[in-house]
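Here's work.txt, which has compact mmCIF, C-alpha atoms:
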```
# COMPACT_ATOMS: atom_id res chain seq x y z
CA MET G 245 -63.05 -26.96 44.71
CA LEU G 246 -59.75 -26.20 43.05
CA LEU G 247 -56.97 -25.40 45.53
CA SER G 248 -54.04 -25.01 43.17
CA PHE G 249 -53.01 -25.79 39.62
CA ALA G 250 -49.45 -25.72 38.29
CA VAL G 251 -48.14 -26.28 34.77
CA GLU G 252 -44.65 -26.54 33.34
CA ASN G 253 -43.46 -26.93 29.75
CA TRP G 254 -46.96 -26.29 28.44
CA MET G 255 -47.67 -24.06 25.41
CA SER G 256 -46.12 -20.66 26.25
CA TYR G 257 -45.25 -21.68 29.84
CA ARG G 258 -41.70 -23.06 29.79
CA ASN G 259 -41.14 -22.62 33.52
CA GLU G 260 -43.56 -23.65 36.25
CA ALA G 261 -46.58 -21.36 36.69
CA THR G 262 -49.00 -21.78 39.59
CA LEU G 263 -52.56 -20.61 40.10
CA SER G 264 -53.22 -20.80 43.84
CA LEU G 265 -56.74 -20.50 45.23
CA ILE G 266 -55.65 -20.68 48.88
CA SER G 267 -56.50 -17.33 50.47
CA SER G 268 -53.91 -14.96 51.85
CA LEU G 269 -54.21 -13.07 55.14
CA GLU G 270 -56.19 -10.31 53.45
CA ARG G 271 -59.37 -9.51 55.38
CA GLN G 272 -61.50 -8.21 52.50
CA HIS G 273 -64.59 -10.28 51.53
CA MET G 274 -63.72 -12.89 54.16
CA SER G 275 -67.30 -14.11 54.40
CA THR G 276 -67.07 -15.56 50.87
CA LEU G 277 -64.13 -17.86 51.70
CA SER G 278 -64.75 -21.58 52.01
CA LYS G 279 -63.22 -23.92 54.57
CA VAL G 280 -60.70 -26.58 53.52
CA PRO G 281 -61.63 -29.93 55.13
CA GLY G 282 -58.90 -31.33 57.32
CA PHE G 283 -57.26 -27.94 57.86
CA ARG G 284 -58.05 -25.64 60.74
CA SER G 285 -56.92 -22.32 59.26
CA LYS G 286 -56.74 -22.66 55.47
CA LYS G 287 -59.49 -21.12 53.35
CA VAL G 288 -60.14 -21.36 49.62
CA LEU G 289 -61.14 -18.53 47.29
CA PRO G 290 -64.43 -18.72 45.36
CA LEU G 291 -63.12 -16.54 42.52
CA ALA G 292 -60.02 -16.12 40.38
CA ALA G 293 -59.55 -13.71 37.48
CA ILE G 294 -56.62 -13.83 35.05
CA TYR G 295 -55.89 -10.58 33.20
CA GLY G 296 -53.36 -9.98 30.46
CA GLY G 297 -52.74 -8.94 26.88
CA ASN G 298 -53.41 -11.04 23.82
CA ALA G 299 -51.12 -14.09 23.52
CA SER G 300 -49.93 -13.55 27.10
CA GLY G 301 -50.90 -17.03 28.31
CA LYS G 302 -54.40 -16.55 29.74
CA THR G 303 -56.06 -19.10 27.47
CA GLY G 304 -53.02 -21.35 27.93
CA MET G 305 -53.99 -21.93 31.57
CA PHE G 306 -57.58 -22.66 30.52
CA LYS G 307 -56.40 -25.14 27.89
CA ALA G 308 -54.08 -26.81 30.39
CA LEU G 309 -56.99 -27.63 32.70
CA SER G 310 -59.03 -28.74 29.70
CA CYS G 311 -56.22 -31.02 28.54
CA LEU G 312 -55.81 -32.60 31.98
CA LYS G 313 -59.54 -33.22 32.27
CA GLN G 314 -59.57 -34.87 28.86
CA MET G 315 -56.62 -37.06 29.79
CA VAL G 316 -58.42 -38.25 32.94
CA ILE G 317 -61.85 -39.00 31.50
CA SER G 318 -61.01 -40.15 27.96
CA ASN G 319 -60.20 -43.67 26.80
CA PRO G 320 -57.64 -43.17 24.01
CA SER G 321 -57.02 -45.81 21.39
CA VAL G 322 -53.67 -47.56 21.11
CA ASN G 323 -52.41 -45.17 18.42
CA ASN G 324 -53.60 -41.91 20.01
CA VAL G 325 -50.97 -39.38 21.07
CA VAL G 326 -51.16 -37.80 24.51
CA PRO G 327 -52.67 -34.30 23.90
CA VAL G 328 -49.89 -32.29 25.56
CA VAL G 329 -48.37 -29.24 23.85
CA PRO G 330 -44.83 -28.56 25.12
CA PHE G 331 -43.10 -25.18 24.96
CA ALA G 332 -42.08 -24.86 21.33
CA PHE G 333 -39.53 -22.05 21.31
CA ASP G 334 -36.47 -24.12 22.19
CA ALA G 335 -35.44 -27.60 21.11
CA GLU G 336 -34.68 -28.83 24.63
CA SER G 337 -38.18 -28.14 26.01
CA SER G 338 -39.91 -29.84 23.09
CA LEU G 339 -38.35 -33.15 24.15
CA LYS G 340 -39.13 -32.83 27.87
CA PRO G 341 -42.37 -33.96 29.57
CA THR G 342 -45.18 -31.52 30.25
CA MET G 343 -46.12 -31.36 33.93
CA PHE G 344 -49.55 -30.83 35.52
CA ASP G 345 -49.95 -30.59 39.30
CA VAL G 346 -53.45 -30.09 40.68
CA ALA G 347 -54.83 -30.08 44.23
CA PHE G 348 -58.60 -30.18 44.72
CA ILE G 349 -61.40 -30.92 47.18
CA ALA G 350 -63.71 -33.78 46.28
CA LYS G 351 -66.45 -34.32 48.86
CA ASN G 352 -64.49 -33.95 52.14
CA THR G 353 -61.10 -35.11 50.90
CA VAL G 354 -58.21 -33.08 49.52
CA TYR G 355 -56.43 -34.83 46.65
CA ARG G 356 -53.30 -34.01 44.69
CA LEU G 357 -52.72 -35.42 41.20
CA VAL G 358 -49.34 -34.99 39.48
CA VAL G 359 -48.82 -35.96 35.83
CA GLU G 360 -45.75 -35.78 33.61
CA ALA G 361 -46.25 -36.73 29.97
CA THR G 362 -44.89 -36.40 26.46
CA MET G 363 -46.98 -36.92 23.35
CA ASP G 364 -45.79 -40.55 23.30
CA ALA G 365 -46.50 -41.66 26.86
CA ILE G 366 -47.41 -40.94 30.47
CA HIS G 367 -44.03 -41.01 32.23
CA TYR G 368 -45.15 -40.18 35.76
CA GLU G 369 -48.44 -40.12 37.62
CA SER G 370 -49.27 -39.99 41.31
CA LEU G 371 -52.33 -39.45 43.45
CA GLU G 372 -52.24 -38.63 47.15
CA VAL G 373 -54.53 -37.44 49.92
CA ILE G 374 -53.45 -34.22 51.65
CA SER G 375 -54.25 -33.36 55.25
CA GLU G 376 -52.85 -31.16 57.99
CA LYS G 377 -51.23 -34.24 59.54
CA GLY G 378 -49.36 -35.09 56.34
CA ASN G 379 -49.79 -36.59 52.88
CA THR G 380 -50.82 -40.17 52.16
CA GLY G 381 -49.87 -41.66 48.80
CA ILE G 382 -52.52 -43.71 46.98
CA TYR G 383 -50.52 -44.79 43.96
CA GLU G 384 -47.46 -43.81 41.99
CA ARG G 385 -46.44 -44.68 38.44
CA ASN G 386 -42.93 -43.97 37.21
CA ASP G 387 -42.08 -45.14 33.67
CA GLY G 388 -43.91 -48.42 34.06
CA GLN G 389 -42.97 -49.02 37.72
CA TRP G 390 -45.96 -49.00 40.09
CA VAL G 391 -46.32 -48.45 43.82
CA PHE G 392 -49.72 -48.86 45.53
CA ASN G 393 -50.97 -48.09 49.02
CA GLN G 394 -52.27 -51.58 49.86
CA ALA G 395 -54.28 -50.23 52.80
CA PHE G 396 -56.27 -47.90 50.52
CA PHE G 397 -57.58 -50.58 48.15
CA ILE G 398 -59.89 -53.48 49.00
CA ASP G 399 -58.67 -55.75 46.19
CA SER G 400 -54.98 -55.09 45.60
CA GLU G 401 -54.71 -57.89 43.03
CA HIS G 402 -57.38 -56.29 40.87
CA VAL G 403 -55.60 -52.92 41.16
CA GLU G 404 -52.33 -54.45 39.98
CA TYR G 405 -54.14 -56.11 37.06
CA ALA G 406 -55.75 -52.77 36.13
CA ALA G 407 -52.34 -51.11 36.21
CA LYS G 408 -50.88 -53.68 33.83
CA SER G 409 -53.76 -53.17 31.40
CA THR G 410 -53.41 -49.37 31.43
CA ARG G 411 -51.82 -48.22 28.18
CA VAL G 412 -48.77 -45.97 28.12
CA ASN G 413 -50.85 -43.13 26.63
CA GLN G 414 -53.58 -43.42 29.28
CA LEU G 415 -53.88 -42.06 32.82
CA PHE G 416 -54.38 -44.72 35.48
CA LEU G 417 -57.02 -42.64 37.29
CA GLY G 418 -59.44 -42.96 34.38
CA SER G 419 -58.41 -46.50 33.43
CA ALA G 420 -58.87 -47.73 37.00
CA VAL G 421 -62.39 -46.31 37.36
CA ALA G 422 -63.33 -47.86 34.01
CA GLN G 423 -62.21 -51.17 35.50
CA ASN G 424 -64.43 -50.75 38.58
CA ILE G 425 -61.82 -49.67 41.11
CA VAL G 426 -64.37 -47.79 43.20
CA GLU G 427 -61.88 -46.28 45.63
CA LEU G 428 -60.76 -43.83 42.92
CA ARG G 429 -64.27 -42.85 41.81
CA GLU G 430 -64.41 -39.77 44.08
CA ALA G 431 -61.25 -38.23 42.60
CA TYR G 432 -62.28 -39.18 39.05
CA ASP G 433 -65.74 -37.62 39.42
CA TRP G 434 -64.17 -34.29 40.31
CA PHE G 435 -62.72 -34.11 36.80
CA ASP G 436 -65.72 -35.69 35.09
CA VAL G 437 -68.59 -33.97 36.89
CA THR G 438 -67.40 -31.10 39.10
CA LEU G 439 -64.91 -29.43 36.74
CA GLU G 440 -66.66 -27.60 33.89
CA LEU G 441 -64.86 -25.63 31.17
CA VAL G 442 -66.63 -22.97 29.10
CA GLY G 443 -64.76 -21.78 26.01
CA VAL G 444 -65.28 -18.61 23.98
CA GLU G 445 -67.76 -20.29 21.64
CA SER G 446 -71.42 -20.14 22.64
CA GLN G 447 -72.53 -23.09 24.75
CA ALA G 448 -75.70 -23.57 22.74
CA TRP G 449 -75.72 -27.33 23.17
CA SER G 450 -75.43 -27.01 26.93
CA PHE G 451 -78.31 -24.53 26.96
CA ALA G 452 -80.58 -26.80 24.95
CA THR G 453 -79.76 -29.83 27.08
CA ASN G 454 -80.35 -27.99 30.36
CA ALA G 455 -83.63 -26.58 29.12
CA ILE G 456 -85.19 -30.02 28.88
CA ARG G 457 -83.33 -31.93 31.59
CA LYS G 458 -83.17 -29.57 34.57
CA GLU G 459 -86.40 -28.69 36.27
CA GLY G 460 -86.94 -24.95 36.48
CA PHE G 461 -84.11 -24.03 34.07
CA LEU G 462 -86.29 -22.46 31.37
CA GLU G 463 -88.15 -20.34 33.93
CA TYR G 464 -84.83 -19.32 35.51
CA ALA G 465 -83.38 -18.40 32.11
CA SER G 466 -86.42 -16.26 31.31
CA THR G 467 -86.11 -14.40 34.61
CA VAL G 468 -82.38 -13.72 34.20
CA LEU G 469 -82.66 -12.53 30.59
CA SER G 470 -85.49 -10.19 31.56
CA ARG G 471 -83.65 -8.84 34.63
CA LEU G 472 -80.44 -8.16 32.70
CA ASP G 473 -82.04 -5.78 30.20
CA THR G 474 -81.94 -7.95 27.09
CA GLY G 475 -85.47 -6.99 26.06
CA ILE G 476 -86.57 -10.60 26.50
CA VAL G 477 -89.56 -11.21 28.73
CA GLU G 478 -89.60 -15.00 28.45
CA LEU G 479 -88.34 -18.04 26.56
CA THR G 480 -90.62 -20.46 24.82
CA THR G 481 -90.70 -23.17 22.17
CA GLU G 482 -92.60 -23.14 18.90
CA LYS G 483 -93.60 -26.10 16.75
CA VAL G 484 -92.10 -25.95 13.25
CA SER G 485 -91.99 -28.15 10.17
CA PRO G 486 -89.50 -31.05 10.22
CA ASP G 487 -88.01 -29.40 7.12
CA ARG G 488 -86.33 -26.95 9.51
CA LEU G 489 -84.13 -29.72 10.90
CA PRO G 490 -80.41 -29.49 10.08
CA GLN G 491 -79.41 -31.65 7.12
CA ASN G 492 -77.33 -33.87 9.32
CA ALA G 493 -77.05 -37.65 8.95
CA THR G 494 -76.36 -38.17 12.65
CA ILE G 495 -79.55 -36.33 13.66
CA ARG G 496 -81.57 -38.36 11.15
CA LYS G 497 -80.14 -41.56 12.61
CA ASP G 498 -80.88 -40.44 16.18
CA ILE G 499 -84.49 -39.68 15.25
CA SER G 500 -84.93 -43.17 13.83
CA GLU G 501 -83.78 -44.61 17.17
CA LEU G 502 -86.01 -42.42 19.38
CA GLY G 503 -88.23 -44.22 21.86
CA PRO G 504 -91.89 -43.21 22.46
CA ASP G 505 -91.10 -41.13 25.56
CA GLU G 506 -87.67 -39.81 24.56
CA LEU G 507 -86.72 -36.25 23.64
CA LEU G 508 -83.77 -35.33 21.43
CA THR G 509 -82.08 -31.92 21.53
CA PHE G 510 -80.27 -30.42 18.56
CA VAL G 511 -78.31 -27.31 17.66
CA GLY G 512 -78.46 -26.02 14.11
CA GLU G 513 -75.40 -24.97 12.18
CA ARG G 514 -74.12 -21.44 12.62
CA THR G 515 -74.50 -18.91 9.87
CA ALA G 516 -71.59 -16.90 8.52
CA GLY G 517 -70.22 -14.54 11.14
CA ASP G 518 -70.44 -17.00 14.06
CA TYR G 519 -73.65 -15.68 15.60
CA GLY G 520 -76.71 -17.33 14.12
CA PHE G 521 -77.84 -20.73 15.32
CA GLU G 522 -81.03 -22.52 16.24
CA MET G 523 -81.77 -24.81 19.14
CA GLY G 524 -84.65 -27.20 19.44
CA THR G 525 -86.10 -30.53 20.49
CA ILE G 526 -87.47 -33.54 18.61
CA ARG G 527 -89.92 -36.17 19.78
CA LEU G 528 -91.98 -38.80 17.98
CA GLU G 529 -95.77 -38.71 17.81
CA ASN G 530 -97.51 -41.54 15.91
CA GLY G 531 -94.15 -42.31 14.35
CA GLN G 532 -93.69 -38.77 13.00
CA PRO G 533 -91.07 -36.27 14.26
CA ILE G 534 -92.43 -33.28 16.16
CA VAL G 535 -89.91 -30.43 16.03
CA GLU G 536 -89.96 -27.46 18.42
CA LEU G 537 -87.50 -24.55 18.27
CA PHE G 538 -86.54 -22.35 21.21
CA SER G 539 -87.48 -18.71 20.68
CA THR G 540 -87.40 -15.49 22.67
CA VAL G 541 -90.46 -13.42 23.52
CA HIS G 542 -90.38 -9.61 23.45
CA MET G 543 -93.07 -7.09 24.32
CA SER G 544 -93.96 -4.07 22.19
CA SER G 545 -94.81 -0.63 23.55
CA ASN G 546 -98.54 -1.44 23.38
CA GLY G 547 -98.11 -4.58 25.48
CA GLU G 548 -98.32 -7.06 22.61
CA LYS G 549 -95.93 -10.05 22.75
CA TYR G 550 -93.99 -11.25 19.72
CA SER G 551 -91.38 -13.95 19.31
CA LEU G 552 -88.01 -14.10 17.57
CA PRO G 553 -85.74 -17.01 16.69
CA ILE G 554 -82.61 -17.12 18.84
CA SER G 555 -80.51 -16.53 15.72
CA MET G 556 -81.90 -12.99 15.52
CA GLU G 557 -80.78 -12.04 19.02
CA SER G 558 -77.62 -9.97 19.50
CA SER G 559 -74.25 -11.67 19.93
CA GLY G 560 -74.18 -10.50 23.56
CA THR G 561 -77.57 -12.03 24.29
CA GLN G 562 -76.53 -15.28 22.64
CA ARG G 563 -73.32 -15.33 24.68
CA LEU G 564 -75.33 -14.70 27.86
CA MET G 565 -77.67 -17.54 26.95
CA GLY G 566 -74.63 -19.75 26.52
CA LEU G 567 -73.60 -18.92 30.09
CA LEU G 568 -77.04 -19.54 31.61
CA PRO G 569 -76.43 -23.24 32.43
CA MET G 570 -73.38 -22.14 34.42
CA LEU G 571 -75.31 -19.39 36.19
CA PHE G 572 -78.11 -21.83 36.98
CA ASP G 573 -75.59 -24.07 38.75
CA LEU G 574 -73.64 -21.30 40.49
CA ILE G 575 -76.21 -18.63 41.33
CA ASN G 576 -79.72 -20.02 41.26
CA PRO G 577 -80.63 -20.93 44.88
CA ASP G 578 -83.06 -23.57 43.59
CA GLY G 579 -80.62 -24.97 41.02
CA SER G 580 -77.70 -27.34 41.34
CA THR G 581 -76.38 -28.06 44.81
CA GLY G 582 -73.09 -29.56 45.88
CA GLU G 583 -69.72 -29.03 44.25
CA LYS G 584 -69.05 -27.18 41.00
CA VAL G 585 -65.96 -25.51 39.52
CA TYR G 586 -66.50 -23.46 36.38
CA VAL G 587 -63.53 -22.19 34.37
CA VAL G 588 -64.53 -19.65 31.70
CA ASP G 589 -62.26 -18.35 28.96
CA GLU G 590 -63.06 -14.66 28.32
CA LEU G 591 -66.05 -14.31 30.60
CA ASP G 592 -66.61 -10.78 29.31
CA ARG G 593 -66.80 -11.77 25.63
CA CYS G 594 -69.63 -9.79 23.97
CA LEU G 595 -70.87 -8.62 27.39
CA HIS G 596 -71.07 -5.09 28.79
CA THR G 597 -68.85 -4.47 31.82
CA MET G 598 -71.82 -3.73 34.09
CA LEU G 599 -73.45 -7.02 33.10
CA THR G 600 -70.28 -9.02 33.75
CA LYS G 601 -69.86 -7.34 37.14
CA ARG G 602 -73.45 -8.16 38.03
CA LEU G 603 -72.89 -11.84 37.22
CA ILE G 604 -69.84 -11.90 39.50
CA GLU G 605 -71.66 -10.04 42.27
CA ASP G 606 -74.66 -12.37 42.05
CA PHE G 607 -72.31 -15.34 42.42
CA THR G 608 -70.43 -13.99 45.44
CA VAL G 609 -73.65 -13.20 47.29
CA GLY G 610 -74.19 -16.95 47.72
CA CYS G 611 -70.60 -17.78 48.73
CA ARG G 612 -70.15 -18.87 52.36
CA SER G 613 -67.77 -20.97 54.42
CA ASP G 614 -69.67 -24.15 53.53
CA THR G 615 -70.09 -23.36 49.81
CA ARG G 616 -68.29 -25.64 47.35
CA LYS G 617 -68.62 -23.62 44.16
CA GLN G 618 -66.01 -21.64 42.25
CA LEU G 619 -65.83 -19.34 39.24
CA LEU G 620 -62.46 -18.93 37.52
CA PHE G 621 -62.17 -16.81 34.40
CA THR G 622 -59.88 -15.00 32.00
CA THR G 623 -60.71 -11.49 30.88
CA HIS G 624 -59.56 -8.46 28.88
CA ASP G 625 -61.93 -6.15 30.77
CA LEU G 626 -59.79 -3.91 32.99
CA LEU G 627 -62.86 -2.47 34.69
CA LEU G 628 -63.16 -5.84 36.44
CA MET G 629 -59.83 -5.12 38.17
CA ASP G 630 -61.79 -3.69 41.06
CA GLN G 631 -61.04 -4.33 44.75
CA SER G 632 -64.67 -3.77 45.69
CA LEU G 633 -65.48 -6.76 43.45
CA LEU G 634 -62.47 -9.06 43.91
CA ARG G 635 -59.84 -9.62 46.57
CA ARG G 636 -56.24 -8.96 45.57
CA ASP G 637 -55.40 -12.66 45.97
CA GLU G 638 -58.19 -13.43 43.46
CA MET G 639 -56.46 -11.39 40.72
CA PHE G 640 -53.66 -12.74 38.53
CA ILE G 641 -51.68 -11.25 35.65
CA SER G 642 -50.37 -13.35 32.78
CA GLN G 643 -47.52 -11.85 30.83
CA ARG G 644 -45.21 -12.95 28.04
CA ASN G 645 -41.55 -12.07 28.36
CA ALA G 646 -39.10 -11.17 25.58
CA ASP G 647 -38.02 -14.81 25.25
CA GLY G 648 -41.60 -15.89 24.50
CA CYS G 649 -42.15 -17.43 27.95
CA SER G 650 -45.34 -16.70 29.85
CA GLU G 651 -45.54 -16.28 33.59
CA LEU G 652 -48.42 -15.91 36.02
CA VAL G 653 -48.18 -13.39 38.86
CA GLY G 654 -50.74 -12.87 41.63
CA LEU G 655 -51.46 -9.30 42.72
CA SER G 656 -51.15 -10.44 46.33
CA GLU G 657 -47.41 -10.77 45.66
CA TYR G 658 -47.19 -6.97 45.47
CA ARG G 659 -46.99 -5.91 49.11
CA ASP G 660 -47.61 -2.17 48.62
CA ILE G 661 -51.10 -2.41 47.10
CA ARG G 662 -53.56 -0.70 49.42
CA TYR G 663 -57.31 -1.24 49.37
CA ASP G 664 -57.90 2.25 47.94
CA LYS G 665 -55.22 1.95 45.24
CA ASP G 666 -56.28 2.49 41.62
CA LEU G 667 -55.34 -0.90 40.19
CA ILE G 668 -56.36 -0.03 36.63
CA ARG G 669 -54.04 2.97 36.53
CA SER G 670 -51.19 0.93 38.00
CA TYR G 671 -51.77 -1.84 35.47
CA LEU G 672 -51.86 0.53 32.48
CA ASP G 673 -48.69 2.18 33.75
CA GLY G 674 -46.99 -1.23 33.55
CA ARG G 675 -46.68 -1.59 37.31
CA PHE G 676 -47.82 -5.24 37.20
CA GLY G 677 -46.72 -6.18 33.69
CA GLY G 678 -49.04 -8.07 31.38
CA ILE G 679 -49.84 -5.16 29.05
CA PRO G 680 -49.40 -5.39 25.25
CA MET G 681 -46.11 -3.93 24.02
CA LEU G 682 -47.38 -2.25 20.86
CA GLY G 683 -44.95 -1.09 18.19
CA GLU G 684 -45.43 2.10 16.21
CA LEU G 685 -46.90 1.80 12.71
CA GLY G 686 -46.21 5.40 11.74
CA THR G 687 -47.43 8.93 12.27
CA ARG G 688 -50.17 10.89 10.62
CA GLY G 689 -49.05 13.74 8.43
```
Is it possible to give me this structure as structure tokens?
Amino acid sequence: MLLSFAVENWMSYRNEATLSLISSLERQHMSTLSKVPGFRSKKVLPLAAIYGGNASGKTGMFKALSCLKQMVISNPSVNNVVPVVPFAFDAESSLKPTMFDVAFIAKNTVYRLVVEATMDAIHYESLEVISEKGNTGIYERNDGQWVFNQAFFIDSEHVEYAAKSTRVNQLFLGSAVAQNIVELREAYDWFDVTLELVGVESQAWSFATNAIRKEGFLEYASTVLSRLDTGIVELTTEKVSPDRLPQNATIRKDISELGPDELLTFVGERTAGDYGFEMGTIRLENGQPIVELFSTVHMSSNGEKYSLPISMESSGTQRLMGLLPMLFDLINPDGSTGEKVYVVDELDRCLHTMLTKRLIEDFTVGCRSDTRKQLLFTTHDLLLMDQSLLRRDEMFISQRNADGCSELVGLSEYRDIRYDKDLIRSYLDGRFGGIPMLGELGTRG
């Protein structure tokens, strides 16, 4: 689980901004809080929502986590730049390092990773274990100077060799795991496996992959789409001519390399307007490709079933289908178990407020003290600023100041917010900031 994430000199965040998932003393929805291993009293929140106007910095926090994940798990070439984006509105900041500081739970250990980097190099990196008794450093890298906790590693000589072979544009955490330093695998896997980021584009590829790889996913997806009033009663696949395959050289090459028992998933190109796409599978039978497309099944008033290609479904239904792999992991009691942290940019995109609220409610129903799953999201939907749905310490406002700098403020920092207070009215009145400052275009005559 994510405990905290801080950024500095990143996109519109010149000064340090922190998203903290450690719960406050608020007593609302306490049963959904999860325990922090190694700490007697600290609890972690299962939810976090970031509200704010356009260009206020909401997506900037999402992209910061995405950038850090990519830096950990990728293996950049010698000439690759580090993918940081410093604050651009003053010359001094553009030359300074960008800072990421993240604390997270992996298995039963609390880690903290700190990174400072420019586009040219990683200047600082450290990993430590955090406990109530104090912090224990694992390694530290400071402009080419290394310090290692010899007691943490079995083969210190191999660790030192791995450090020397880590390029200046590469994080040691990822480089070390690639060089079989198993002691760092747990922390690395949190970024690689546990942390999932869902952007505003439809996750069609994820849907297609889950449909064939995860047992029970297609049945789960059919049930959810039917329950959420999409008009769909089930999902199915239909065999079509190989001529329907996308004219893509990579897909053709992959087909030629298919084994007798292998299945290939594909996502067709979108049509103009962003909405239309096709998803399907390919397998070989007697050396010939067998192509099946996913389709939705609807029922007419006389009880007759008929199918539609996914591309004909509404944008909201397609967006919901893109979120189904996440819901399968977070909500489905028979789905994924263990740890999962999903960060979704614009959760409400193309979705009705009542549907979005239902997704959040369904998730929180399964949250307990031993649950290791989280849902973090950005949103424009003010109707989700609801204290019956979210705790005050689960709500954050991003706002851009007159100097172009974004800041992140938690509603728990406002001491006079009562449980029965109308948060939407207070927000629209500018009480919390983060609302668009719209200029006048003119008046109607």
Could you check the closest approach to Ala308 of chain G for each of G:Met363, G:Leu507, G:Leu441, G:Ile294 and tell me which residue wins, using only C-alpha atoms?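 Result for the nearest residue to Ala308 of chain G: G:Leu441.
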Can you work out the spacing between atom CA of Val477 of chain G and atom CA of Ser544 of chain G in Å, to one decimal? 10.6 Å
Quick one: everything within 12 Å of Met274 of chain G, counting only C-alpha atoms, minus sequence neighbours fewer than 2 positions away in the same chain. Send it as number ranges by chain. G: 267-272, 276-279, 287-290, 608, 611-613, 634-635, 637
Residue contacts of Thr303 of chain G (9 Å, only C-alpha atoms) excluding same-chain residues fewer than 6 positions away, as a list in words: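 Listed by chain and then number, they are Asp589, Glu590 and Thr622 of chain G.
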Okay, now the selection with C-alpha atoms, as a PDB file, keeping the file's coordinate frame?
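File written: again.pdb
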```pdb
ATOM      1  CA  ASP G 589     -62.260 -18.350  28.960  1.00  0.00           C
ATOM      2  CA  GLU G 590     -63.060 -14.660  28.320  1.00  0.00           C
ATOM      3  CA  THR G 622     -59.880 -15.000  32.000  1.00  0.00           C
TER       4      THR G 622
END
```
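In this model, the gap between atom CA of Phe451 of chain G and atom CA of Val588 of chain G comes to 15.4 Å.
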The distance between atom CA of Val322 of chain G and atom CA of Glu384 of chain G is 22.1 Å
Taking the point (-61.9, -41.3, 33.0) as given in the file, collect each protein or nucleic acid residue that comes within 10 Å of it, counting all atoms listed in the file, and present the set as an MDAnalysis selection string. chainID G and resid 313:319 414:422 429 432:433 435:436
Using only C-alpha atoms, determine which residues lie at most 8 Å from Gly524 of chain G, disregarding the query and same-chain residues fewer than 2 positions distant; provide the list as a list in words. Ala452, Thr481, Thr509, Phe510, Val511, Glu522, Ile526, Val535, Glu536, Leu537 and Phe538 of chain G
How about saving the chosen residues, C-alpha atoms kept, as a PDB file, in the coordinates of the input?
```pdb
ATOM      1  CA  ALA G 452     -80.580 -26.800  24.950  1.00  0.00           C
ATOM      2  CA  THR G 481     -90.700 -23.170  22.170  1.00  0.00           C
ATOM      3  CA  THR G 509     -82.080 -31.920  21.530  1.00  0.00           C
ATOM      4  CA  PHE G 510     -80.270 -30.420  18.560  1.00  0.00           C
ATOM      5  CA  VAL G 511     -78.310 -27.310  17.660  1.00  0.00           C
ATOM      6  CA  GLU G 522     -81.030 -22.520  16.240  1.00  0.00           C
ATOM      7  CA  ILE G 526     -87.470 -33.540  18.610  1.00  0.00           C
ATOM      8  CA  VAL G 535     -89.910 -30.430  16.030  1.00  0.00           C
ATOM      9  CA  GLU G 536     -89.960 -27.460  18.420  1.00  0.00           C
ATOM     10  CA  LEU G 537     -87.500 -24.550  18.270  1.00  0.00           C
ATOM     11  CA  PHE G 538     -86.540 -22.350  21.210  1.00  0.00           C
TER      12      PHE G 538
END
```
Determine the nearest neighbour of Trp434 of chain G from the options G:Thr540, G:Thr353, G:Thr362, G:Thr525, counting only C-alpha atoms.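 Distance minimum relative to Trp434 of chain G lands on G:Thr353.
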Compile the contact shell of Gly475 of chain G as a ChimeraX atom specification: residues with an atom at most 8 Å away, counting all atoms listed in the file, same-chain residues fewer than 5 positions apart removed. /G:469-470,542-543
Kindly indicate which residue among G:Leu246, G:Met255, G:Leu620, G:Val359 lies nearest to Ala299 of chain G, using all atoms listed in the file for the distances.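 Once distances to Ala299 of chain G are computed over all atoms listed in the file, the minimum belongs to G:Met255.
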All residues 9 Å or closer to Leu357 of chain G, only C-alpha atoms, same chain fewer than 2 positions away omitted, as a PyMOL selection string: chain G and resi 344-348+355+359+369-372
Hey, can you spit out that residue selection with C-alpha atoms as a PDB file, keeping the file's coordinate frame?
```pdb
ATOM      1  CA  PHE G 344     -49.550 -30.830  35.520  1.00  0.00           C
ATOM      2  CA  ASP G 345     -49.950 -30.590  39.300  1.00  0.00           C
ATOM      3  CA  VAL G 346     -53.450 -30.090  40.680  1.00  0.00           C
ATOM      4  CA  ALA G 347     -54.830 -30.080  44.230  1.00  0.00           C
ATOM      5  CA  PHE G 348     -58.600 -30.180  44.720  1.00  0.00           C
ATOM      6  CA  TYR G 355     -56.430 -34.830  46.650  1.00  0.00           C
ATOM      7  CA  VAL G 359     -48.820 -35.960  35.830  1.00  0.00           C
ATOM      8  CA  GLU G 369     -48.440 -40.120  37.620  1.00  0.00           C
ATOM      9  CA  SER G 370     -49.270 -39.990  41.310  1.00  0.00           C
ATOM     10  CA  LEU G 371     -52.330 -39.450  43.450  1.00  0.00           C
ATOM     11  CA  GLU G 372     -52.240 -38.630  47.150  1.00  0.00           C
TER      12      GLU G 372
END
```
Shortest interatomic distance to Asn530 of chain G - which of G:Pro569, G:His273, G:Pro504, G:Asp498, counting all atoms listed in the file: G:Pro504
With all atoms of segment 531-538 of chain G from the file as input, state the centre and edge lengths in Å to one decimal of the axis-aligned box that has 3 Å extra on each side, as JSON.
```
{"center_x": -90.3, "center_y": -32.3, "center_z": 17.1, "size_x": 13.6, "size_y": 26.0, "size_z": 14.2}
```
